[in-house]
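So the structure is just underneath, and the comments pick up after that.
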Amino acid sequence: MKRIFMLSSVLSLLCGCTLDLAPTQTRAPSAIPQRNTVMLQRLSSAPNGSYKEISEEQLKPGDLLFSSSIGVTSLGIRLFSTSAVSHVALYIGEGYISEATGAGVQIVTLSEALAHSDKLFVLRHPSLTLQQEKKIAEFSKSKQGIRYNYTGIVKMIPFMLTKQLCSLNPFSRDFRQQCITGLASSQLGAETSTLPDSYFCSEFVAAAYQYAGQPLTSNEAAWVSPSDLLHMREGDVPTLTPVNPLRYVGHLSPGIYIKAGKWAQLR
């Protein structure tokens with residue numbers, strides 16, 4: 001057991017990832033002891049061959065659109081968060097998305113989002129109601145023009161690094177959550193208002209879901225990064241515990257790395 005803990009701690013430091021020790025079920029659990037396996041966060045946008053291409057017609061209001069670009073800013077965010085994504089937005093229907101960028105909260109067409117993204121893929125909340133979809137669109141439209149939360153994102157950058165310390169104990173999810181909550185409270189603080197006047201991208205998405213009455217996590221919206229939302233998907237190891245795991249829907253744009261892999265397979 002000591003060796004497993006040392007190995008998992010080294011893996012966490014090298015990868016910058018949350019990890020878990022999960023018991024592996026056997027066919028006869030009463031006769032054969034369970035074995036512990038090390039589970040790492042899935043850094044790929046389409047892990048274990050799950051990649052699937054989708055079209056705009058397959059989107060639903062409330063879908064989370066994750067993206068990255070080949071620019072320096074996107075690369076920096078991905079390095080700090082050890083993630084495949086640097087931005088997240090919301091699909092609100094009829095070909096439009098809402099997002100918080102450096103220009104503030106805005107509603108743009110999906111075509112515009114695709115033009116500015118190298119990779120764009122979709123996760124979906126499994127039990128969002130029609131009324132909640134409408135509430136997310138209502139929230140998005142009411143926040144148009146709200147400024148970008150530069151202060152929050154500056155605070156988030158060191159938190160992305162220090163919260164990895166909480167990953168060194170792979171045996172207790174509760175301990176990890178308590179550790180992250182403690183660090184977030186001291187580094188980021190709690191929301192002082194239920195109606196903040198600024199948002200960064202993942203904060204905006206989390207706040208929209210809170211407004212709709214279907215929170216993605218019990219944590220503060222200002223504590224949530226795009227990477228945290230990504231790892232709330234089914235089969236992954238979450239950093240912040242999701243209320244309901246998100247489901248992978250597919251990729252609208254594969255990105256250069258997946259394209260490179262497909263080209264390699266064709267040779």
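FYI, nothing fancy with the structure tokens labels: chains A, B, ... in order, residues from 1 per chain, ligands from 1 as they appear.
Close contacts of Ser253 of chain A, defined as residues with an atom at most 8 Å away when counting only C-alpha atoms, with chain neighbours fewer than 2 positions off set aside, comprise Glu53, Leu114, Asp118, Lys119, Leu120, Phe121, His251 and Gly255 of chain A.
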- [ ] as a PyMOL selection string, please: all residues of segment 72-265 of chain A that backbone DSSP puts in alpha helix (DSSP H).
- [x] chain A and resi 72-81+110-115+130-142+150-162+173-187+201-211+226-230+255-265
- [ ] Please measure the separation of atom CA of Leu43 of chain A and atom CA of Asn149 of chain A, giving the value in Å to one decimal.
- [x] 26.0 Å
TODO: For Gly213 of chain A, please output as number ranges by chain all residues within 12 Å (counting only C-alpha atoms; exclusion window: fewer than 5 positions along the same chain).
DONE: A: 127-129, 131-136, 139, 206-208, 218, 243
TODO: Skip Glu220 of chain A itself and residues of its chain fewer than 3 positions away, then list as JSON, numbers by chain all residues within 12 Å of it, counting only C-alpha atoms.
DONE: {"A": [180, 181, 184, 185, 188, 189, 190, 191, 192, 193, 194, 202, 203, 204, 205, 206, 207, 209, 210, 215, 216, 217, 223, 224, 225, 240, 241]}
- [ ] Please measure the separation of atom CA of Ala46 of chain A and atom CA of His231 of chain A, giving the value in Å to one decimal.
- [x]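 Distance reported for this atom pair: 11.9 Å.
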- [ ] Return the single residue from A:Val249, A:Gln214, A:Ser98, A:His116 that is closest to Lys60 of chain A, with distances computed using only C-alpha atoms.
- [x]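 Checking each of A:Val249, A:Gln214, A:Ser98, A:His116 against Lys60 of chain A, counting only C-alpha atoms, the winner is A:Val249.
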Open item on the list: Could you check the closest approach to Ile107 of chain A for each of A:Leu65, A:Ile157, A:Val237, A:Leu90 and tell me which residue wins, using only C-alpha atoms?
Closed with: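 The answer is A:Leu90, which sits nearest to Ile107 of chain A.
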- [ ] Find, counting only C-alpha atoms, the residue in A:Arg173, A:Leu64, A:Ser117, A:Leu123 that gets nearest to Glu234 of chain A.
- [x]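 Of A:Arg173, A:Leu64, A:Ser117, A:Leu123, the one nearest Glu234 of chain A is A:Leu123, counting only C-alpha atoms.
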Open item on the list: Please determine, counting only C-alpha atoms, which residue among A:Pro47, A:Pro226, A:Gly145, A:Pro126 has the shortest atom-to-atom distance to Met160 of chain A.
Closed with: A:Pro226
Task: Which of A:Arg176, A:Lys155, A:Arg233, A:Arg147 sits closest to Val122 of chain A [using only C-alpha atoms] - done: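 Answer, going by the shortest atom-to-atom distance: A:Arg233.
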Open item on the list: Taking only C-alpha atoms into account, name the residue in A:Thr162, A:Ser111, A:Ser45, A:Ser67 that is nearest to Gly182 of chain A.
Closed with: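 Smallest separation from Gly182 of chain A among the options: A:Thr162.
Counting from atom CA of Ala113 of chain A, the distance to atom CA of Ile97 of chain A is 8.0 Å.
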Open item on the list: From a backbone DSSP assignment, name each residue in segment 79-225 of chain A labelled strand (DSSP E), as a PyMOL selection string.
Closed with: chain A and resi 87-93+96-101+104-109+119-124+147-148+198-199
Selection above as a file: C-alpha atoms, as an mmCIF file, in the first residue's frame:
```
data_model
loop_
_atom_site.group_PDB
_atom_site.id
_atom_site.type_symbol
_atom_site.label_atom_id
_atom_site.label_comp_id
_atom_site.auth_asym_id
_atom_site.auth_seq_id
_atom_site.Cartn_x
_atom_site.Cartn_y
_atom_site.Cartn_z
ATOM 1 C CA HIS A 87 -12.258 28.003 -22.927
ATOM 2 C CA VAL A 88 -15.851 26.936 -22.365
ATOM 3 C CA ALA A 89 -19.098 28.439 -23.667
ATOM 4 C CA LEU A 90 -22.818 27.627 -23.721
ATOM 5 C CA TYR A 91 -24.995 26.714 -26.671
ATOM 6 C CA ILE A 92 -28.308 28.571 -26.308
ATOM 7 C CA GLY A 93 -30.056 27.342 -29.447
ATOM 8 C CA TYR A 96 -25.969 30.898 -31.103
ATOM 9 C CA ILE A 97 -23.601 30.532 -28.167
ATOM 10 C CA SER A 98 -23.026 32.700 -25.106
ATOM 11 C CA GLU A 99 -19.580 33.154 -23.607
ATOM 12 C CA ALA A 100 -17.419 35.358 -21.424
ATOM 13 C CA THR A 101 -14.269 36.533 -23.200
ATOM 14 C CA GLY A 104 -17.070 40.646 -21.834
ATOM 15 C CA VAL A 105 -20.170 38.482 -21.989
ATOM 16 C CA GLN A 106 -21.357 38.173 -25.568
ATOM 17 C CA ILE A 107 -23.645 36.144 -27.780
ATOM 18 C CA VAL A 108 -22.127 35.058 -31.087
ATOM 19 C CA THR A 109 -22.937 32.550 -33.779
ATOM 20 C CA LYS A 119 -10.718 22.266 -31.342
ATOM 21 C CA LEU A 120 -14.385 22.411 -30.298
ATOM 22 C CA PHE A 121 -16.281 19.611 -28.578
ATOM 23 C CA VAL A 122 -19.438 19.184 -26.543
ATOM 24 C CA LEU A 123 -20.411 17.842 -23.120
ATOM 25 C CA ARG A 124 -24.055 17.655 -22.051
ATOM 26 C CA ARG A 147 -17.348 42.908 -18.293
ATOM 27 C CA TYR A 148 -14.748 40.141 -18.096
ATOM 28 C CA SER A 198 -18.070 40.335 -14.119
ATOM 29 C CA TYR A 199 -17.339 36.759 -15.236
#
```
